[in-house]
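Working notes, beginning with the structure itself.
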Amino acid sequence: MNPYALLIALSLLATACTSARPERVLPPAASPTESGPAGAVKAEPTSRWDAQRRRGVDFVAMGSEPFWSLELTNQGKMRFRTVAGADSLIVPLPAPNQAADAAVLRYRALTAAGELTVTIAQRPCPNNMSGEVLPYTVTVQARTAAQPATREFAGCGRYLGDYRLHDIWALESIDGQAMDAAQFAKDKPYLELNLTREEALGFAGCNGFGGSLTPERAGLKFGTLRGTMLACPALAFERKFLGALSGNAFTYRLENRRLTLENRANRLVFKKVD
């Protein structure tokens, strides 16, 4: 095996063998101040996925026998690598075809360099080496000039999320209702999205809250959000805010330092906290 192939093999092996994160105890949400949320400091990137998030990778998959990896990027690329290298391809990311009767996406790209077909099924996938369970089962079919016969690879994948979301966001409006600072005793509500720990933290108007956060294709899904139970005049608004987020999935849009979360029921607009 040449040195380049050996380097790729070791890199892919390290990724596949990394154990799943242990279940975390949710930290208490920070208390806000007039100048912004106190103590809500973004964690330094420690997740094994953060380097890929920073490079604009939206979806990652991997497999073994032989070792391979796949990246779908928000720059519109599909990057497929194998240890041998003969099957490796970088091709434009096409629009996906979605199965009518199942949660399955299929991407097919045909270029002068070769053909790559990626099928992503929303089905839990256990990693045979680490035991980690990822949320998507992935198959890749690759054909190149160096390897003209189509080969099929099977493995597991997950969405990583847009790293630009990894920040603190002050709520500006919900369903068209603008925030009025006078209705809140301490500060207006805010939301901290932590992709590294896959957590959503924040302040809802009366109480701090926290819960899980799951990146999805072009969106985010919030787990059940729980927090403290203090009473205050803004409690009715707090229930509306947490009710909109908790347990629900959203598409998102980033424009002019503003984040818009939207689904069929609600539209929330946030501004990035400096």
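If you're wondering about the labels, chains in the structure tokens are A, B, ... by order shown, residues count from 1 in each chain, ligands from 1 in order shown.
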
- prompt: Which of region 123-266 of chain A counts as helix (DSSP H, G or I) under DSSP, as a list in words please?
  reply: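 Across region 123-266 of chain A, those assigned helix (DSSP H, G or I) are Tyr163, Arg164, Leu165, Ala181, Ala182, Gln183, Leu235, Ala236, Phe237, Glu238, Arg239, Lys240, Phe241, Leu242, Gly243, Ala244 and Leu245 of chain A.
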
- prompt: Do you know which residues are at most 8 Å from Gly211 (chain A) counting only C-alpha atoms, after dropping those on the same chain fewer than 3 positions away, and could you put them as JSON, numbers by chain?
  reply: {"A": [26, 199, 200, 201, 222, 223, 224, 225, 226]}

Per residue of region 133-239 of chain A within 9 Å of region 47-57 of chain A, which atom pair is closest and at what distance in Å (one decimal), using only C-alpha atoms, listed by chain and increasing number, as a Markdown table?
```
| residue | atom | partner | partner_atom | distance |
| --- | --- | --- | --- | --- |
| A:Tyr159 | CA | A:Val57 | CA | 8.7 |
| A:Leu160 | CA | A:Arg53 | CA | 6.4 |
| A:Gly161 | CA | A:Arg53 | CA | 7.0 |
| A:Asp162 | CA | A:Arg53 | CA | 6.6 |
| A:Tyr163 | CA | A:Arg53 | CA | 5.6 |
| A:Arg164 | CA | A:Arg54 | CA | 8.7 |
| A:Leu195 | CA | A:Asp50 | CA | 8.3 |
| A:Thr196 | CA | A:Ser47 | CA | 5.3 |
| A:Arg197 | CA | A:Ser47 | CA | 7.3 |
```

Write a file of the just-selected residues containing N, CA and C atoms, as a PDB file, in the first residue's frame.
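Printed below is selection28.pdb as written:
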```pdb
ATOM      1  N   TYR A 159     -26.529  14.335   9.314  1.00  0.00           N
ATOM      2  CA  TYR A 159     -26.403  15.753   8.992  1.00  0.00           C
ATOM      3  C   TYR A 159     -25.635  16.451  10.105  1.00  0.00           C
ATOM      4  N   LEU A 160     -24.790  17.407   9.733  1.00  0.00           N
ATOM      5  CA  LEU A 160     -23.954  18.112  10.704  1.00  0.00           C
ATOM      6  C   LEU A 160     -24.506  19.477  11.078  1.00  0.00           C
ATOM      7  N   GLY A 161     -25.224  20.120  10.187  1.00  0.00           N
ATOM      8  CA  GLY A 161     -25.741  21.452  10.467  1.00  0.00           C
ATOM      9  C   GLY A 161     -24.809  22.547   9.975  1.00  0.00           C
ATOM     10  N   ASP A 162     -25.375  23.686   9.680  1.00  0.00           N
ATOM     11  CA  ASP A 162     -24.643  24.853   9.186  1.00  0.00           C
ATOM     12  C   ASP A 162     -23.936  25.528  10.359  1.00  0.00           C
ATOM     13  N   TYR A 163     -22.589  25.619  10.302  1.00  0.00           N
ATOM     14  CA  TYR A 163     -21.845  26.142  11.449  1.00  0.00           C
ATOM     15  C   TYR A 163     -22.153  27.617  11.713  1.00  0.00           C
ATOM     16  N   ARG A 164     -22.714  28.317  10.752  1.00  0.00           N
ATOM     17  CA  ARG A 164     -23.102  29.714  10.981  1.00  0.00           C
ATOM     18  C   ARG A 164     -24.221  29.827  12.024  1.00  0.00           C
ATOM     19  N   LEU A 195     -24.090  23.624  18.127  1.00  0.00           N
ATOM     20  CA  LEU A 195     -24.006  22.445  17.274  1.00  0.00           C
ATOM     21  C   LEU A 195     -22.992  21.441  17.786  1.00  0.00           C
ATOM     22  N   THR A 196     -21.952  21.920  18.467  1.00  0.00           N
ATOM     23  CA  THR A 196     -20.942  21.010  18.996  1.00  0.00           C
ATOM     24  C   THR A 196     -21.556  20.028  19.986  1.00  0.00           C
ATOM     25  N   ARG A 197     -22.366  20.547  20.913  1.00  0.00           N
ATOM     26  CA  ARG A 197     -22.999  19.680  21.907  1.00  0.00           C
ATOM     27  C   ARG A 197     -24.416  19.262  21.482  1.00  0.00           C
TER      28      ARG A 197
END
```

Cut-off 7 Å: closest region 105-151 of chain A/region 88-101 of chain A atom pairs per residue, using only C-alpha atoms, as a Markdown table:
```
| residue | atom | partner | partner_atom | distance |
| --- | --- | --- | --- | --- |
| A:Leu105 | CA | A:Gln98 | CA | 4.6 |
| A:Arg106 | CA | A:Asn97 | CA | 5.2 |
| A:Tyr107 | CA | A:Pro96 | CA | 4.8 |
| A:Arg108 | CA | A:Pro94 | CA | 6.7 |
| A:Ala109 | CA | A:Pro94 | CA | 6.4 |
```

- line: The residue from A:Ile174, A:Ala113, A:Cys206, A:Val60 with the smallest atom-to-atom distance to Asp187 (chain A), counting only C-alpha atoms, is A:Cys206

- request: Work out how far apart CA of Ala185 (chain A) and CA of Cys232 (chain A) are and give it in Å to one decimal.
  value: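 Between these atoms lies a distance of 7.9 Å.
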
- prompt: Which of these, A:Asp167, A:Asp175, A:Asp58, A:Asp180, has the shortest distance to Met78 (chain A) once you count only C-alpha atoms?
  reply: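 Among A:Asp167, A:Asp175, A:Asp58, A:Asp180, it is A:Asp58 that comes nearest to Met78 (chain A).
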